[in-house]
>>> print(open('start06.pdb').read())   # PDB, C-alpha atoms, pLDDT in the B column
ATOM      1  CA  MET A 698      13.985  -0.887   4.218  1.00 88.00           C
ATOM      2  CA  GLU A 699      14.836   2.807   4.353  1.00 91.00           C
ATOM      3  CA  GLY A 700      14.928   3.078   0.568  1.00 94.00           C
ATOM      4  CA  TYR A 701      11.513   1.470   0.224  1.00 94.00           C
ATOM      5  CA  LEU A 702       9.950   3.635   2.930  1.00 96.00           C
ATOM      6  CA  ASP A 703      11.503   6.716   1.359  1.00 97.00           C
ATOM      7  CA  LEU A 704       9.994   5.752  -2.002  1.00 97.00           C
ATOM      8  CA  VAL A 705       6.559   5.351  -0.414  1.00 96.00           C
ATOM      9  CA  ARG A 706       6.965   8.751   1.279  1.00 97.00           C
ATOM     10  CA  THR A 707       8.307  10.640  -1.749  1.00 96.00           C
ATOM     11  CA  MET A 708       6.314   9.061  -4.584  1.00 97.00           C
ATOM     12  CA  GLY A 709       3.790   6.553  -3.342  1.00 97.00           C
ATOM     13  CA  MET A 710       1.819   8.760  -0.990  1.00 97.00           C
ATOM     14  CA  ALA A 711       1.200  11.445  -3.631  1.00 98.00           C
ATOM     15  CA  ILE A 712       0.333   8.945  -6.344  1.00 98.00           C
ATOM     16  CA  MET A 713      -2.029   6.914  -4.171  1.00 97.00           C
ATOM     17  CA  THR A 714      -3.786   9.914  -2.642  1.00 98.00           C
ATOM     18  CA  ASP A 715      -4.127  11.581  -6.053  1.00 98.00           C
ATOM     19  CA  ALA A 716      -5.748   8.340  -7.268  1.00 98.00           C
ATOM     20  CA  GLY A 717      -8.272   8.501  -4.421  1.00 98.00           C
ATOM     21  CA  ALA A 718      -6.866   6.268  -1.663  1.00 98.00           C
ATOM     22  CA  THR A 719      -6.405   7.413   1.933  1.00 97.00           C
ATOM     23  CA  PHE A 720      -3.118   6.693   3.696  1.00 97.00           C
ATOM     24  CA  VAL A 721      -3.681   4.907   7.023  1.00 96.00           C
ATOM     25  CA  SER A 722      -0.289   3.747   8.286  1.00 96.00           C
ATOM     26  CA  ALA A 723       3.125   2.268   7.632  1.00 96.00           C
ATOM     27  CA  ALA A 724       4.976  -0.164   9.909  1.00 96.00           C
ATOM     28  CA  THR A 725       7.941  -2.532   9.825  1.00 95.00           C
ATOM     29  CA  THR A 726       9.033  -5.564  11.716  1.00 94.00           C
ATOM     30  CA  SER A 727      12.152  -5.234  13.833  1.00 93.00           C
ATOM     31  CA  SER A 728      15.587  -5.586  12.285  1.00 88.00           C
ATOM     32  CA  GLU A 729      16.896  -6.739  15.660  1.00 91.00           C
ATOM     33  CA  VAL A 730      15.397 -10.247  15.708  1.00 89.00           C
ATOM     34  CA  GLY A 731      17.506 -11.690  12.879  1.00 89.00           C
ATOM     35  CA  GLU A 732      14.632 -12.261  10.454  1.00 90.00           C
ATOM     36  CA  ARG A 733      13.755 -10.708   7.115  1.00 90.00           C
ATOM     37  CA  ILE A 734      12.152  -7.297   7.579  1.00 91.00           C
ATOM     38  CA  HIS A 735       8.522  -6.956   6.520  1.00 93.00           C
ATOM     39  CA  ILE A 736       6.992  -3.601   5.635  1.00 94.00           C
ATOM     40  CA  GLN A 737       3.273  -2.943   5.849  1.00 95.00           C
ATOM     41  CA  VAL A 738       1.698   0.063   4.152  1.00 95.00           C
ATOM     42  CA  VAL A 739      -2.054   0.438   4.677  1.00 95.00           C
ATOM     43  CA  TRP A 740      -4.401   2.368   2.398  1.00 96.00           C
ATOM     44  CA  ALA A 741      -8.151   2.819   2.859  1.00 96.00           C
ATOM     45  CA  PHE A 742     -10.994   3.197   0.396  1.00 96.00           C
ATOM     46  CA  ASP A 743     -14.764   3.011   0.658  1.00 94.00           C
ATOM     47  CA  ASP A 744     -15.506  -0.244  -1.167  1.00 94.00           C
ATOM     48  CA  PHE A 745     -14.472  -2.279  -4.192  1.00 94.00           C
ATOM     49  CA  VAL A 746     -16.230   0.137  -6.559  1.00 97.00           C
ATOM     50  CA  HIS A 747     -13.972   2.877  -5.155  1.00 97.00           C
ATOM     51  CA  TRP A 748     -10.947   0.526  -5.388  1.00 96.00           C
ATOM     52  CA  ASN A 749     -11.640  -0.086  -9.071  1.00 97.00           C
ATOM     53  CA  GLU A 750     -11.746   3.690  -9.653  1.00 98.00           C
ATOM     54  CA  ILE A 751      -8.410   4.030  -7.833  1.00 98.00           C
ATOM     55  CA  ARG A 752      -6.913   1.241  -9.958  1.00 97.00           C
ATOM     56  CA  LYS A 753      -8.083   2.973 -13.145  1.00 98.00           C
ATOM     57  CA  ASN A 754      -6.556   6.242 -11.965  1.00 98.00           C
ATOM     58  CA  LEU A 755      -3.275   4.490 -11.168  1.00 97.00           C
ATOM     59  CA  VAL A 756      -3.007   2.797 -14.538  1.00 97.00           C
ATOM     60  CA  LEU A 757      -3.555   6.136 -16.277  1.00 98.00           C
ATOM     61  CA  ASP A 758      -0.929   7.913 -14.140  1.00 98.00           C
ATOM     62  CA  PRO A 759       2.582   7.645 -15.680  1.00 97.00           C
ATOM     63  CA  ARG A 760       4.100   8.241 -12.231  1.00 97.00           C
ATOM     64  CA  TYR A 761       2.569   4.979 -11.020  1.00 97.00           C
ATOM     65  CA  HIS A 762       4.509   2.915 -13.549  1.00 96.00           C
ATOM     66  CA  GLU A 763       7.800   4.489 -12.469  1.00 96.00           C
ATOM     67  CA  TYR A 764       6.844   3.998  -8.816  1.00 96.00           C
ATOM     68  CA  GLY A 765       5.938   0.354  -9.409  1.00 94.00           C
ATOM     69  CA  SER A 766       9.162  -0.521 -11.200  1.00 95.00           C
ATOM     70  CA  THR A 767      11.276   1.270  -8.594  1.00 96.00           C
ATOM     71  CA  ALA A 768       9.414  -0.432  -5.734  1.00 95.00           C
ATOM     72  CA  ALA A 769       9.846  -3.819  -7.420  1.00 93.00           C
ATOM     73  CA  SER A 770      13.612  -3.306  -7.534  1.00 95.00           C
ATOM     74  CA  LEU A 771      13.667  -2.706  -3.759  1.00 93.00           C
ATOM     75  CA  ARG A 772      11.638  -5.672  -2.548  1.00 89.00           C
ATOM     76  CA  VAL A 773      12.032  -9.430  -2.564  1.00 88.00           C
ATOM     77  CA  GLY A 774       8.322 -10.301  -2.407  1.00 87.00           C
ATOM     78  CA  GLY A 775       4.983  -9.050  -1.315  1.00 87.00           C
ATOM     79  CA  THR A 776       1.269  -9.599  -1.128  1.00 86.00           C
ATOM     80  CA  ARG A 777      -1.835  -7.472  -1.366  1.00 87.00           C
ATOM     81  CA  ARG A 778      -4.567  -8.079   1.169  1.00 89.00           C
ATOM     82  CA  PHE A 779      -8.041  -6.593   1.441  1.00 90.00           C
ATOM     83  CA  PHE A 780      -9.392  -6.506   4.982  1.00 87.00           C
ATOM     84  CA  ILE A 781     -13.009  -5.927   5.896  1.00 86.00           C
ATOM     85  CA  PRO A 782     -13.937  -4.829   9.436  1.00 85.00           C
ATOM     86  CA  ALA A 783     -15.142  -7.677  11.617  1.00 90.00           C
ATOM     87  CA  THR A 784     -17.733  -7.325  14.356  1.00 90.00           C
ATOM     88  CA  LEU A 785     -16.826  -9.132  17.540  1.00 90.00           C
ATOM     89  CA  SER A 786     -19.056  -9.674  20.530  1.00 87.00           C
ATOM     90  CA  LEU A 787     -18.406 -11.300  23.849  1.00 85.00           C
ATOM     91  CA  SER A 788     -20.351 -14.457  24.531  1.00 76.00           C
ATOM     92  CA  SER A 789     -21.774 -15.104  27.950  1.00 63.00           C
TER      93      SER A 789
END
>>> encode(input="start06.pdb", output="structure tokens")
Amino acid sequence: MEGYLDLVRTMGMAIMTDAGATFVSAATTSSEVGERIHIQVVWAFDDFVHWNEIRKNLVLDPRYHEYGSTAASLRVGGTRRFFIPATLSLSS
């Protein structure tokens, strides 16, 4: 966990922000409950047009390829999710 978070801090944050993403947060599940630790790193962007620009910038950045291969060696799985704000209202 510490190695992965350190990689995000030392390489990932610069690469992603240089590509155009905005860092939002990082969090982990507890190591004290006896389950596999999950790490969540959240990045923001305006829309999918902006995301595609970020992706292009990442592919053209040699640092991203090193970051990706190093991150892959430190994790056992992972998923990418895109969340869109939801509007909730209370019903009477």
>>> residues_around(input="start06.pdb", residues="segment 775-782 of chain A", least_positions_apart="2", cutoff="12 Å", atoms="only C-alpha atoms", output="short mmCIF file (atom, residue, chain, number, x, y, z; two decimals) with C-alpha atoms, in the coordinates of the input")
data_model
loop_
_atom_site.label_atom_id
_atom_site.label_comp_id
_atom_site.auth_asym_id
_atom_site.auth_seq_id
_atom_site.Cartn_x
_atom_site.Cartn_y
_atom_site.Cartn_z
CA ILE A 734 12.15 -7.30 7.58
CA HIS A 735 8.52 -6.96 6.52
CA ILE A 736 6.99 -3.60 5.64
CA GLN A 737 3.27 -2.94 5.85
CA VAL A 738 1.70 0.06 4.15
CA VAL A 739 -2.05 0.44 4.68
CA TRP A 740 -4.40 2.37 2.40
CA ALA A 741 -8.15 2.82 2.86
CA PHE A 742 -10.99 3.20 0.40
CA ASP A 743 -14.76 3.01 0.66
CA ASP A 744 -15.51 -0.24 -1.17
CA PHE A 745 -14.47 -2.28 -4.19
CA TRP A 748 -10.95 0.53 -5.39
CA ALA A 768 9.41 -0.43 -5.73
CA ALA A 769 9.85 -3.82 -7.42
CA LEU A 771 13.67 -2.71 -3.76
CA ARG A 772 11.64 -5.67 -2.55
CA VAL A 773 12.03 -9.43 -2.56
CA THR A 784 -17.73 -7.32 14.36
CA LEU A 785 -16.83 -9.13 17.54
#
>>> atom_distance(input="start06.pdb", atom1="atom CA of Thr719 of chain A", atom2="atom CA of Glu750 of chain A")
13.3 Å
>>> atom_distance(input="start06.pdb", atom1="atom CA of Thr714 of chain A", atom2="atom CA of Tyr764 of chain A")
13.6 Å
>>> residues_around(input="start06.pdb", residues="Val705 of chain A", least_positions_apart="4", cutoff="10 Å", atoms="all atoms listed in the file", output="mmCIF file with C-alpha atoms, in the frame of the given file")
data_model
loop_
_atom_site.group_PDB
_atom_site.id
_atom_site.type_symbol
_atom_site.label_atom_id
_atom_site.label_comp_id
_atom_site.auth_asym_id
_atom_site.auth_seq_id
_atom_site.Cartn_x
_atom_site.Cartn_y
_atom_site.Cartn_z
ATOM 1 C CA GLU A 699 14.836 2.807 4.353
ATOM 2 C CA GLY A 700 14.928 3.078 0.568
ATOM 3 C CA TYR A 701 11.513 1.470 0.224
ATOM 4 C CA GLY A 709 3.790 6.553 -3.342
ATOM 5 C CA MET A 710 1.819 8.760 -0.990
ATOM 6 C CA ALA A 711 1.200 11.445 -3.631
ATOM 7 C CA ILE A 712 0.333 8.945 -6.344
ATOM 8 C CA MET A 713 -2.029 6.914 -4.171
ATOM 9 C CA ALA A 723 3.125 2.268 7.632
ATOM 10 C CA VAL A 738 1.698 0.063 4.152
ATOM 11 C CA TYR A 764 6.844 3.998 -8.816
ATOM 12 C CA ALA A 768 9.414 -0.432 -5.734
#
>>> residues_around(input="start06.pdb", residues="Pro759 of chain A", least_positions_apart="6", cutoff="12 Å", atoms="only C-alpha atoms", output="ChimeraX atom specification")
/A:708,712,716,753,765-766
>>> axis_aligned_box(input="start06.pdb", around="segment 710-713 of chain A", padding_each_side="5 Å", output="lines of an AutoDock Vina configuration file")
center_x = -0.1
center_y = 9.2
center_z = -3.7
size_x = 13.8
size_y = 14.5
size_z = 15.4
>>> closest_residue(input="start06.pdb", among="A:Ala718, A:Ser788, A:His762, A:Thr707", to="Asn749 of chain A", atoms="only C-alpha atoms")
A:Ala718
>>> closest_residue(input="start06.pdb", among="A:Arg733, A:Gly774, A:Arg760, A:Arg706", to="Phe720 of chain A", atoms="only C-alpha atoms")
A:Arg706
>>> atom_distance(input="start06.pdb", atom1="atom CA of Glu763 of chain A", atom2="atom CA of Ile751 of chain A")
16.9 Å
>>> decode(input="start06.pdb", residues="segment 712-734 of chain A", atoms="N, CA, C and O atoms", output="PDB file, in the first residue's frame")
ATOM      1  N   ILE A 712       2.188  13.650 -13.388  1.00  0.00           N
ATOM      2  CA  ILE A 712       1.829  13.199 -14.732  1.00  0.00           C
ATOM      3  C   ILE A 712       0.358  13.499 -15.027  1.00  0.00           C
ATOM      4  O   ILE A 712       0.022  14.028 -16.090  1.00  0.00           O
ATOM      5  N   MET A 713      -0.509  13.161 -14.093  1.00  0.00           N
ATOM      6  CA  MET A 713      -1.942  13.382 -14.313  1.00  0.00           C
ATOM      7  C   MET A 713      -2.284  14.866 -14.372  1.00  0.00           C
ATOM      8  O   MET A 713      -3.065  15.279 -15.230  1.00  0.00           O
ATOM      9  N   THR A 714      -1.723  15.667 -13.495  1.00  0.00           N
ATOM     10  CA  THR A 714      -2.041  17.098 -13.531  1.00  0.00           C
ATOM     11  C   THR A 714      -1.435  17.762 -14.773  1.00  0.00           C
ATOM     12  O   THR A 714      -2.076  18.624 -15.375  1.00  0.00           O
ATOM     13  N   ASP A 715      -0.250  17.344 -15.179  1.00  0.00           N
ATOM     14  CA  ASP A 715       0.325  17.871 -16.416  1.00  0.00           C
ATOM     15  C   ASP A 715      -0.539  17.505 -17.625  1.00  0.00           C
ATOM     16  O   ASP A 715      -0.606  18.258 -18.591  1.00  0.00           O
ATOM     17  N   ALA A 716      -1.207  16.363 -17.569  1.00  0.00           N
ATOM     18  CA  ALA A 716      -2.080  15.930 -18.664  1.00  0.00           C
ATOM     19  C   ALA A 716      -3.410  16.673 -18.664  1.00  0.00           C
ATOM     20  O   ALA A 716      -4.124  16.647 -19.659  1.00  0.00           O
ATOM     21  N   GLY A 717      -3.751  17.322 -17.532  1.00  0.00           N
ATOM     22  CA  GLY A 717      -4.979  18.100 -17.486  1.00  0.00           C
ATOM     23  C   GLY A 717      -6.002  17.669 -16.464  1.00  0.00           C
ATOM     24  O   GLY A 717      -7.063  18.287 -16.344  1.00  0.00           O
ATOM     25  N   ALA A 718      -5.735  16.598 -15.714  1.00  0.00           N
ATOM     26  CA  ALA A 718      -6.674  16.133 -14.688  1.00  0.00           C
ATOM     27  C   ALA A 718      -6.454  16.916 -13.396  1.00  0.00           C
ATOM     28  O   ALA A 718      -5.394  17.478 -13.168  1.00  0.00           O
ATOM     29  N   THR A 719      -7.467  16.919 -12.547  1.00  0.00           N
ATOM     30  CA  THR A 719      -7.388  17.575 -11.244  1.00  0.00           C
ATOM     31  C   THR A 719      -7.464  16.514 -10.161  1.00  0.00           C
ATOM     32  O   THR A 719      -8.411  15.716 -10.131  1.00  0.00           O
ATOM     33  N   PHE A 720      -6.473  16.486  -9.279  1.00  0.00           N
ATOM     34  CA  PHE A 720      -6.488  15.541  -8.164  1.00  0.00           C
ATOM     35  C   PHE A 720      -7.595  15.926  -7.186  1.00  0.00           C
ATOM     36  O   PHE A 720      -7.727  17.082  -6.820  1.00  0.00           O
ATOM     37  N   VAL A 721      -8.388  14.938  -6.772  1.00  0.00           N
ATOM     38  CA  VAL A 721      -9.478  15.160  -5.821  1.00  0.00           C
ATOM     39  C   VAL A 721      -9.139  14.557  -4.471  1.00  0.00           C
ATOM     40  O   VAL A 721      -9.181  15.230  -3.451  1.00  0.00           O
ATOM     41  N   SER A 722      -8.786  13.260  -4.452  1.00  0.00           N
ATOM     42  CA  SER A 722      -8.534  12.606  -3.169  1.00  0.00           C
ATOM     43  C   SER A 722      -7.872  11.251  -3.360  1.00  0.00           C
ATOM     44  O   SER A 722      -7.859  10.700  -4.453  1.00  0.00           O
ATOM     45  N   ALA A 723      -7.361  10.734  -2.254  1.00  0.00           N
ATOM     46  CA  ALA A 723      -6.861   9.365  -2.183  1.00  0.00           C
ATOM     47  C   ALA A 723      -7.315   8.798  -0.845  1.00  0.00           C
ATOM     48  O   ALA A 723      -7.353   9.524   0.154  1.00  0.00           O
ATOM     49  N   ALA A 724      -7.688   7.528  -0.821  1.00  0.00           N
ATOM     50  CA  ALA A 724      -8.156   6.884   0.404  1.00  0.00           C
ATOM     51  C   ALA A 724      -7.837   5.396   0.326  1.00  0.00           C
ATOM     52  O   ALA A 724      -7.639   4.850  -0.756  1.00  0.00           O
ATOM     53  N   THR A 725      -7.781   4.759   1.484  1.00  0.00           N
ATOM     54  CA  THR A 725      -7.572   3.310   1.543  1.00  0.00           C
ATOM     55  C   THR A 725      -8.568   2.700   2.517  1.00  0.00           C
ATOM     56  O   THR A 725      -9.091   3.380   3.398  1.00  0.00           O
ATOM     57  N   THR A 726      -8.798   1.421   2.327  1.00  0.00           N
ATOM     58  CA  THR A 726      -9.537   0.693   3.344  1.00  0.00           C
ATOM     59  C   THR A 726      -8.573   0.349   4.465  1.00  0.00           C
ATOM     60  O   THR A 726      -7.355   0.429   4.309  1.00  0.00           O
ATOM     61  N   SER A 727      -9.108  -0.061   5.590  1.00  0.00           N
ATOM     62  CA  SER A 727      -8.294  -0.333   6.768  1.00  0.00           C
ATOM     63  C   SER A 727      -7.535  -1.651   6.632  1.00  0.00           C
ATOM     64  O   SER A 727      -8.080  -2.652   6.162  1.00  0.00           O
ATOM     65  N   SER A 728      -6.302  -1.648   7.097  1.00  0.00           N
ATOM     66  CA  SER A 728      -5.521  -2.882   7.136  1.00  0.00           C
ATOM     67  C   SER A 728      -5.841  -3.696   8.392  1.00  0.00           C
ATOM     68  O   SER A 728      -5.358  -4.815   8.545  1.00  0.00           O
ATOM     69  N   GLU A 729      -6.654  -3.155   9.252  1.00  0.00           N
ATOM     70  CA  GLU A 729      -6.932  -3.798  10.542  1.00  0.00           C
ATOM     71  C   GLU A 729      -8.136  -4.729  10.532  1.00  0.00           C
ATOM     72  O   GLU A 729      -8.456  -5.320  11.572  1.00  0.00           O
ATOM     73  N   VAL A 730      -8.816  -4.887   9.422  1.00  0.00           N
ATOM     74  CA  VAL A 730     -10.010  -5.744   9.404  1.00  0.00           C
ATOM     75  C   VAL A 730      -9.746  -7.111   8.784  1.00  0.00           C
ATOM     76  O   VAL A 730     -10.645  -7.932   8.673  1.00  0.00           O
ATOM     77  N   GLY A 731      -8.511  -7.380   8.381  1.00  0.00           N
ATOM     78  CA  GLY A 731      -8.149  -8.699   7.875  1.00  0.00           C
ATOM     79  C   GLY A 731      -8.548  -8.958   6.435  1.00  0.00           C
ATOM     80  O   GLY A 731      -8.590 -10.102   6.001  1.00  0.00           O
ATOM     81  N   GLU A 732      -8.860  -7.921   5.683  1.00  0.00           N
ATOM     82  CA  GLU A 732      -9.229  -8.072   4.283  1.00  0.00           C
ATOM     83  C   GLU A 732      -8.184  -7.391   3.402  1.00  0.00           C
ATOM     84  O   GLU A 732      -7.388  -6.583   3.876  1.00  0.00           O
ATOM     85  N   ARG A 733      -8.211  -7.715   2.125  1.00  0.00           N
ATOM     86  CA  ARG A 733      -7.315  -7.071   1.174  1.00  0.00           C
ATOM     87  C   ARG A 733      -7.552  -5.560   1.209  1.00  0.00           C
ATOM     88  O   ARG A 733      -8.679  -5.100   1.281  1.00  0.00           O
ATOM     89  N   ILE A 734      -6.478  -4.808   1.149  1.00  0.00           N
ATOM     90  CA  ILE A 734      -6.569  -3.348   1.173  1.00  0.00           C
ATOM     91  C   ILE A 734      -6.918  -2.843  -0.220  1.00  0.00           C
ATOM     92  O   ILE A 734      -6.346  -3.277  -1.216  1.00  0.00           O
TER      93      ILE A 734
END
